[in-house]
Amino acid sequence: MISRQMKIDTDRCMKCGFCMSVCPVYDIDHIENHVARGRNMLVRMVREGDLPLEEDYRRCLSACLLCKRCEAVCPANLSPAEITLDARNDVIEKMGMSWFQNFLYKGILSRRSLTARFVGLAGLIPGLSVKGGRPLRHLADMASFIPGALSLPRFSSRPLRKRVSGITRPPDGVEEKGKVAVFPGCMYEYFLPDIGEDIITSLAKAGFTTVLPDGLNCCGLSIHNAGDYRTAGLLAARNIEALSSYDHVITGCATCGSSLKDYHKWFKEDDPIFSRAFEFSKKVSDFSEFLVKNGAMPGAFDSVPMAVTYHDPCHLRVHQGVYEAPRDLLRAIDGIKYIEMENADSCCGLGGSFGMANREISLAIQAKKMESIKKSGAQAVATSCPGCMLYLADGVRRNRLPVKVMHISRLMRGDGKIRK
Amino acid sequence: MTITKAIIKDLHKILGDKVVLTSRSDLSSYSYDATSNWQGMPEIVLFPTDVSRISRIMALANENNIPVTVRGAGTNLSGGSIPVFGGIVLCTTRMNRIIEIDEVNLTATVEAGVVLNDLNKELARHNLFFPPDPQSFLAATIGGCVSENSGGPYGLKYGVFKNYLLGIKVVLADGTVIPLGGRTIKNVTGYDLPLLICGSEGTLAVVTQATVRLIPMPEARQTVMAVFNDVITAGAAVSMIISRGIRPAKTELIDNWIIRRIEESAPLGLPVEAEAILLFELDGPAETVRMETEKVVHLCRETGASDVREARDNKEADNFWTARRLGFSAIYGNAPTAMAEDVTVPMDKMPELMKRVKAIGRKNDIMIVTMGHAGDGNLHPCILTDKKNPEHYARAQKTAQEIFDAALELNGVISGEHGIGLEKRKYLKKAMPSEAIELLKGIKKVFDPKGILNPGKIWE
C-alpha cells in the first residue's frame with residue numbers, strides 16, 4: 001500500500017489539477033498557490049532551493065483549511081494536507097514561531113492549569129464572558145457586525161469541571177450499558193461548558209456512566225496544524241496516558257475527534273509511542289457515531305418541535321468519514337423535522353487559524369454556507385464542532401438570519417428550552 | 001524587466017489591488033503548467049473579471065511591447081501557458097459565468113474561465129452533454145480548451161473541441177473586442193475564424209467567451225475491460241471492433257508497466273503479467289449499449305483476450321477508469337521528469353507504432369511507459385527521465401525525436417491533442433512543410449503585429 005513517504009512526495013504530483021475541483025479556498029479566489037497543486041509546487045521549489053524560505057512562503061502555506069477534500073480526489077494518492085503541515089513544520093524549525101504562537105502553544109495550551117487560570121481571568125471581563133455584565137454581554141459577538149472582523153468565542157467563568165462531577169451515572173430507571181470517558185477539549189471545557197454538560201447528560205441518559213477524566217490536555221490539533229510537531233506530540237502523549245484505562249473515549253468535538261483518531265500519524269512509525277497511539281485511536285468515537293453504534297437513539301430524547309438542518313464539519317465528515325450518524329440521531333429525536341440542506345458538507349470557512357489569517361476568503365466561504373442554510377428554511381442548524389458552531393453563529397448574525405445554531409446534543413436535552 | 005513601476009500602477013488602476021499578484025511565491029506559482037520540464041517566471045499575474053478590462057490590459061501591453069500569456073487552469077501539457085518571456089500572465093479563472101444554456105437550439109454560451117466539468121455538471125441538470133474530455137476536465141477551463149483544441153478519450157466517437165465550437169468572443173492584441181462565428185451549426189460566412197483561433201495556443205487572440213454545440217445525454221453507459229497478452233492482439237481487437245461498425249465512446253489502452261504500478265499502490269486485481277489492457281465505454285440508447293457490449297466482449301475474446309470483464313455497476317466502472325488515471329500518477333511518481341508525448345497515427349497503425357516505441361526505448365536504454373486512446377490512434381508514450389541529469393535528458397530528447405519520426409513515417413502527427421507549445425516547437429519543421437510554417441507566421445503577424453501574445457510558442 002501507499003506509505004506516508006509516498007503520500008508526501010511532491011514529485012508525485014502530476015499537476016492534473018483535480019484538487020482544484022474540490023478546494024473550498026480555490027473555489028473562492030482561484031489563486032494557484034491556494035490549492036494543493038500550487039502548494040505542492042511551492043514546497044518542491046523551496047526544497048530544491050529554487051525559492052527561499054520567507055514570509056511570503058509562510059503566507060501561502062497558511063491559506064489551507066486542511067480540510068483534506070483534495071486527498072479524496074488525488075489520483076496520485078498524495079496527502080496535500082500532510083505536505084502543507086510538514087512544510088509548516090519546516091518553516092517553524094528554520095524560521096521560528098511568532099511570539100503569539102510561542103505564547104499560545106508553549107505558554108498556554110500545553111499547560112492545563114495555566115489555561116484554566118487564563119480563561120478564568122478572561123472570563124471575569126464583562127462582555128467577553130458567558131456571564132458577563134448585561135449591557136456589554138454580547139461584546140464578543142459584536143465583531144459579527146463589523147465587516148471583516150472575527151467574533152471571539154465567549155469565555156466562561158465556570159468551566160465544565162466546576163459544573164459536573166467527575167462521574168455521571170445514568171438517571172434512575174435507565175439500565176447501565178457501560179462506562180465511557182468523555183474528552184471535552186478546550187472549547188467545551190472553557191468556552192461552551194454548557195455543551196459539555198449536554199454531551200455528558202445525553203450519554204448518561206443513553207445508559208452510559210460517563211467519566212470526565214483528570215489529566216486531560218488540549219488535543220493539540222491547532223498546534224500540530226501550525227507545524228509545531230514537538231509541542232503537539234507532547235500533548236498527544238499526555239492525553240493517551242490520561243485515557244489509557246478507558247475502553248471508550250467519546251468526544252462531541254469533531255476537531256478533537258479527528259486528532260485523537262489520528263494521533264499515531266503524528267509520530268514516526270519507529271517511535272515507541274506509535275503503536276500505543278494506533279491502539280488508542282480505535283477507542284475513540286464521535287458522540288453521534290457512538291450513540292448510533294450503540295443503538296441509543298430512537299425515542300430516548302425529545303425536543304421542542306422545529307425544523308432542523310445539519311452542517312457537516314470537515315473534521316467529522318472528511319477526516320473521520322462520519323456523516324450518517326448525526327443525521328440518524330436528529331431524525332430520531334421526537335419533534336424534529338429534519339431538512340437536508342444543499343451542500344451540507346461544504347466548509348463553514350473558519351478552519352481554525354485559517355479564518356484568522358485569511359479573513360476575506362474565510363468570509364466568502366461562510367457566505368456560501370449561509371445561502372444554503374437560508375435556502376433550507378430550517379429554524380436551527382445543528383452541528384458537531386464548536387469551531388463550526390462559533391463561525392456559523394457569526395455568519396447567522398452577520399447575515400441576520402432567523403436561525404439558531406446549536407450542538408446536536410443541545411437538541412437532546414428534552415427540557416423544551418432552546419437556548420442559543 | 002519589461003514592466004515598469006508606472007505600468008504596474010496603470011494595471012492596478014485597471015484591475016484594483018486585489019487581483020494583481022507580484023510577490024515571488026505568487027509569480028513562481030504561475031511559472032509552470034502540467035509539463036514537468038518547462039518553467040518561466042512572469043513579472044505580474046492579473047485576474048481580469050470582464051472583457052472591457054482585458055481590452056484595456058491588452059491595449060496597454062501592446063503599446064508598451066509587454067508579452068501577454070493567457071492562462072486558464074494551467075493544466076495543459078505542452079508548455080503552452082508558460083510565460084517564457086516574462087511579462088503578464090493573464091489568468092481567466094475568475095471569468096467563470098455560464099451565460100446561457102439554450103435547450104431548444106442545444107447550445108451553451110460560457111465565459112472563458114468556466115471549468116469544463118462545471119459546465120457538464122450544469123448541463124446534466126438539463127439532460128445535456130458536452131463531450132470533449134481532456135483528462136484535466138476537473139480543472140481545465142473552456143478558454144484553455146478552445147485555445148488548445150483539446151480532446152480526450154471521447155475523440156473517436158464524439159470528436160474534439162473544434163467539432164463543437166460555433167462562436168467565440170475575442171480580444172485582439174491591440175485591445176479590440178470582436179465576436180467571431182455565430183450560434184448556428186451551419187455557417188460559411190467568410191473564413192472560419194473561430195476555427196483558426198481554436199488550437200492557436202493563445203498566440204492569436206484572447207478568447208473571452210465561447211458558444212458551443214451540445215448533444216443530449218446518452219441514455220446508458222457500460223464499461224468493458226479486456227486483458228491481452230500482447231499489444232498487437234489488443235490492437236487487432238480494436239481494429240476488428242471498429243471495422244464491425246461499433247463506435248465505443250472510449251477505447252483506452254494501458255501497458256504492462258502501469259498495470260504493475262496500479263497493483264502495487266492500489267490493487268484492483270488486474271493480472272500483473274498482462275501485456276496490455278483495453279478499457280471500453282459504450283454509450284447510447286440502453287438497448288444499443290447492451291447489444292454493442294455483447295459484441296465487444298465477443299470480439300475481444302475471439303481476437304484472443306485472456307480475460308474480458310463487464311463492469312457490474314457504476315462503482316466497478318469507476319474503479320476501472322481510476323486505474324487509467326492512476327497510470328499517469330504512477331508515471332510521475334517514478335521519475336523526476338516525465339515527458340508525456342502525444343503522437344497520433346491512423347488507428348490501424350497503432351500496434352505498429354507501439355512496437356516501434358518499445359524498440360526505440362530499448363535502443364536508447366530509456367524507460368517508456370505507454371497509454372493511449374487506442375480507438376483514435378492517439379498514443380501517449382511517456383518518457384521517464386530527469387532534466388537535472390544532462391546526459392539522460394539528452395537521450396530522452398533523442399528518444400522523443402525518434403518517436404516523432406516513427407509517427408510521421410506511419411502517416412501520423414507529432415501531437416494529437418496536447419499542442420506544440422514549447423515542448424515540440426523544434427520538431428515542427430519536420431512535421432510541416434516550411435511553406436506552411438510561413439503561412440502560420442503570416443497569420444500571426446496579421447493578428448498580432450508586435451508579437452506580444454504568448455511569444456516563443458509553436459515555432460522556434
# chains A, B, ... in the order shown; residues from 1 in each chain; ligands from 1
call {"tool": "residues_around", "arguments": {"residues": "segment 181-183 of chain A", "least_positions_apart": "4", "cutoff": "6 Å", "atoms": "only C-alpha atoms", "output": "MDAnalysis selection string"}}
result
chainID A and resid 210:212 249:251
call {"tool": "write_last_selection", "arguments": {"atoms": "N, CA and C atoms", "output": "compact mmCIF listing (two decimals), in the first residue's frame"}}
result
# COMPACT_ATOMS: atom_id res chain seq x y z
N THR A 210 -20.58 8.10 32.68
CA THR A 210 -19.70 8.97 31.93
C THR A 210 -18.67 9.63 32.84
N VAL A 211 -17.41 9.40 32.50
CA VAL A 211 -16.34 9.91 33.35
C VAL A 211 -15.65 11.09 32.66
N LEU A 212 -15.39 12.12 33.43
CA LEU A 212 -14.59 13.23 32.92
C LEU A 212 -13.21 13.07 33.57
N VAL A 249 -13.55 6.27 24.38
CA VAL A 249 -13.31 7.70 24.56
C VAL A 249 -14.24 8.44 23.60
N ILE A 250 -15.13 9.26 24.18
CA ILE A 250 -16.14 9.92 23.36
C ILE A 250 -15.86 11.42 23.34
N THR A 251 -15.97 12.00 22.17
CA THR A 251 -15.86 13.45 22.12
C THR A 251 -16.98 14.03 21.25
call {"tool": "select_by_dssp", "arguments": {"residues": "segment 143-185 of chain A", "states": "alpha helix (DSSP H)", "output": "PyMOL selection string"}}
result
chain A and resi 160-163+185
call {"tool": "residues_around", "arguments": {"residues": "segment 227-240 of chain A", "least_positions_apart": "3", "cutoff": "9 Å", "atoms": "only C-alpha atoms", "output": "JSON, numbers by chain"}}
result
{"A": [84, 85, 86, 87, 88, 89, 90, 91, 92, 93, 97, 105, 106, 110, 215, 216, 217, 218, 219, 220, 221, 222, 223, 224, 243, 244, 259, 260, 263, 266, 267, 273, 276, 277, 280]}
call {"tool": "interface_residues", "arguments": {"of": "chain B", "to": "chain A", "cutoff": "8 Å", "atoms": "only C-alpha atoms", "output": "ChimeraX atom specification"}}
result
/B:23-26,28-30,33-34,36,73,75,93-94,136,138-140,264-266,322,325-326,328-330,332-334,336
call {"tool": "write_last_selection", "arguments": {"atoms": "C-alpha atoms", "output": "PDB file, in the first residue's frame"}}
result
ATOM      1  CA  SER B  23       5.236  38.514  -4.927  1.00  0.00           C
ATOM      2  CA  ARG B  24       7.932  35.916  -5.580  1.00  0.00           C
ATOM      3  CA  SER B  25       5.856  32.974  -4.341  1.00  0.00           C
ATOM      4  CA  ASP B  26       2.867  34.090  -6.338  1.00  0.00           C
ATOM      5  CA  SER B  28       6.511  31.173  -9.108  1.00  0.00           C
ATOM      6  CA  SER B  29       3.069  29.629  -8.954  1.00  0.00           C
ATOM      7  CA  TYR B  30       2.399  30.804 -12.485  1.00  0.00           C
ATOM      8  CA  ASP B  33       1.952  24.166 -16.497  1.00  0.00           C
ATOM      9  CA  ALA B  34       1.297  20.424 -16.260  1.00  0.00           C
ATOM     10  CA  SER B  36       7.465  18.744 -15.816  1.00  0.00           C
ATOM     11  CA  ALA B  73      -6.097  26.450 -15.002  1.00  0.00           C
ATOM     12  CA  THR B  75      -3.279  22.044 -16.867  1.00  0.00           C
ATOM     13  CA  THR B  93     -10.184  31.738 -13.950  1.00  0.00           C
ATOM     14  CA  ARG B  94     -12.321  34.457 -12.409  1.00  0.00           C
ATOM     15  CA  SER B 136      -7.870  17.507 -16.907  1.00  0.00           C
ATOM     16  CA  LEU B 138     -11.977  18.679 -13.466  1.00  0.00           C
ATOM     17  CA  ALA B 139      -9.848  21.829 -13.674  1.00  0.00           C
ATOM     18  CA  ALA B 140      -9.420  22.804 -17.337  1.00  0.00           C
ATOM     19  CA  GLU B 264       1.413  -2.144  -6.211  1.00  0.00           C
ATOM     20  CA  SER B 265      -0.230   1.016  -4.979  1.00  0.00           C
ATOM     21  CA  ALA B 266      -3.985   0.500  -5.071  1.00  0.00           C
ATOM     22  CA  THR B 322      -9.461   5.077 -11.868  1.00  0.00           C
ATOM     23  CA  ARG B 325      -5.984   7.800 -14.219  1.00  0.00           C
ATOM     24  CA  LEU B 326      -3.640   6.169 -11.724  1.00  0.00           C
ATOM     25  CA  PHE B 328      -0.314   8.869 -15.145  1.00  0.00           C
ATOM     26  CA  SER B 329       0.321   9.423 -11.448  1.00  0.00           C
ATOM     27  CA  ALA B 330       2.415   6.260 -11.341  1.00  0.00           C
ATOM     28  CA  TYR B 332       5.051  10.977 -12.433  1.00  0.00           C
ATOM     29  CA  GLY B 333       5.910   9.205  -9.200  1.00  0.00           C
ATOM     30  CA  ASN B 334       8.616   7.171 -10.819  1.00  0.00           C
ATOM     31  CA  PRO B 336      11.723  13.394 -11.653  1.00  0.00           C
TER      32      PRO B 336
END
call {"tool": "atom_distance", "arguments": {"atom1": "atom CA of Leu121 of chain A", "atom2": "atom CA of Gly352 of chain A"}}
result
23.0 Å
call {"tool": "decode", "arguments": {"residues": "segment 72-127 of chain A", "atoms": "C-alpha atoms", "output": "compact mmCIF listing (two decimals), in the first residue's frame"}}
result
# COMPACT_ATOMS: atom_id res chain seq x y z
CA ALA A 72 -10.04 12.13 -1.77
CA VAL A 73 -9.73 13.09 -5.45
CA CYS A 74 -5.94 12.93 -5.88
CA PRO A 75 -5.15 10.26 -8.49
CA ALA A 76 -1.58 10.13 -7.17
CA ASN A 77 -2.87 9.35 -3.67
CA LEU A 78 -0.97 12.28 -2.25
CA SER A 79 -1.87 13.90 1.04
CA PRO A 80 -1.57 17.61 0.30
CA ALA A 81 -2.58 18.44 3.89
CA GLU A 82 0.34 16.44 5.24
CA ILE A 83 2.62 18.11 2.69
CA THR A 84 1.45 21.51 3.92
CA LEU A 85 1.86 20.52 7.56
CA ASP A 86 5.39 19.23 7.02
CA ALA A 87 6.22 22.44 5.21
CA ARG A 88 4.82 24.48 8.11
CA ASN A 89 6.92 22.36 10.45
CA ASP A 90 9.99 23.13 8.31
CA VAL A 91 9.22 26.82 8.49
CA ILE A 92 8.89 26.72 12.28
CA GLU A 93 12.09 24.68 12.66
CA LYS A 94 14.05 27.04 10.45
CA MET A 95 12.38 30.42 10.91
CA GLY A 96 10.92 30.00 14.39
CA MET A 97 7.43 30.81 15.59
CA SER A 98 5.82 34.17 16.05
CA TRP A 99 5.74 35.46 19.64
CA PHE A 100 1.99 34.88 19.64
CA GLN A 101 2.34 31.24 18.58
CA ASN A 102 5.04 30.71 21.21
CA PHE A 103 2.86 32.27 23.89
CA LEU A 104 -0.27 30.37 22.89
CA TYR A 105 1.16 26.91 22.14
CA LYS A 106 4.04 26.59 24.55
CA GLY A 107 2.94 29.06 27.21
CA ILE A 108 -0.81 28.48 27.50
CA LEU A 109 -2.20 25.47 25.66
CA SER A 110 0.43 22.99 26.76
CA ARG A 111 -0.06 23.89 30.43
CA ARG A 112 -3.51 22.92 31.56
CA SER A 113 -3.56 24.76 34.88
CA LEU A 114 -2.37 27.92 33.21
CA THR A 115 -5.03 27.57 30.53
CA ALA A 116 -7.65 27.28 33.25
CA ARG A 117 -6.35 30.33 35.08
CA PHE A 118 -6.00 32.35 31.91
CA VAL A 119 -9.52 31.56 30.77
CA GLY A 120 -10.84 32.06 34.29
CA LEU A 121 -9.36 35.55 34.38
CA ALA A 122 -10.61 36.38 30.90
CA GLY A 123 -14.00 35.11 31.98
CA LEU A 124 -14.21 37.93 34.50
CA ILE A 125 -14.19 40.52 31.75
CA PRO A 126 -17.79 41.65 31.27
CA GLY A 127 -18.92 41.36 27.69
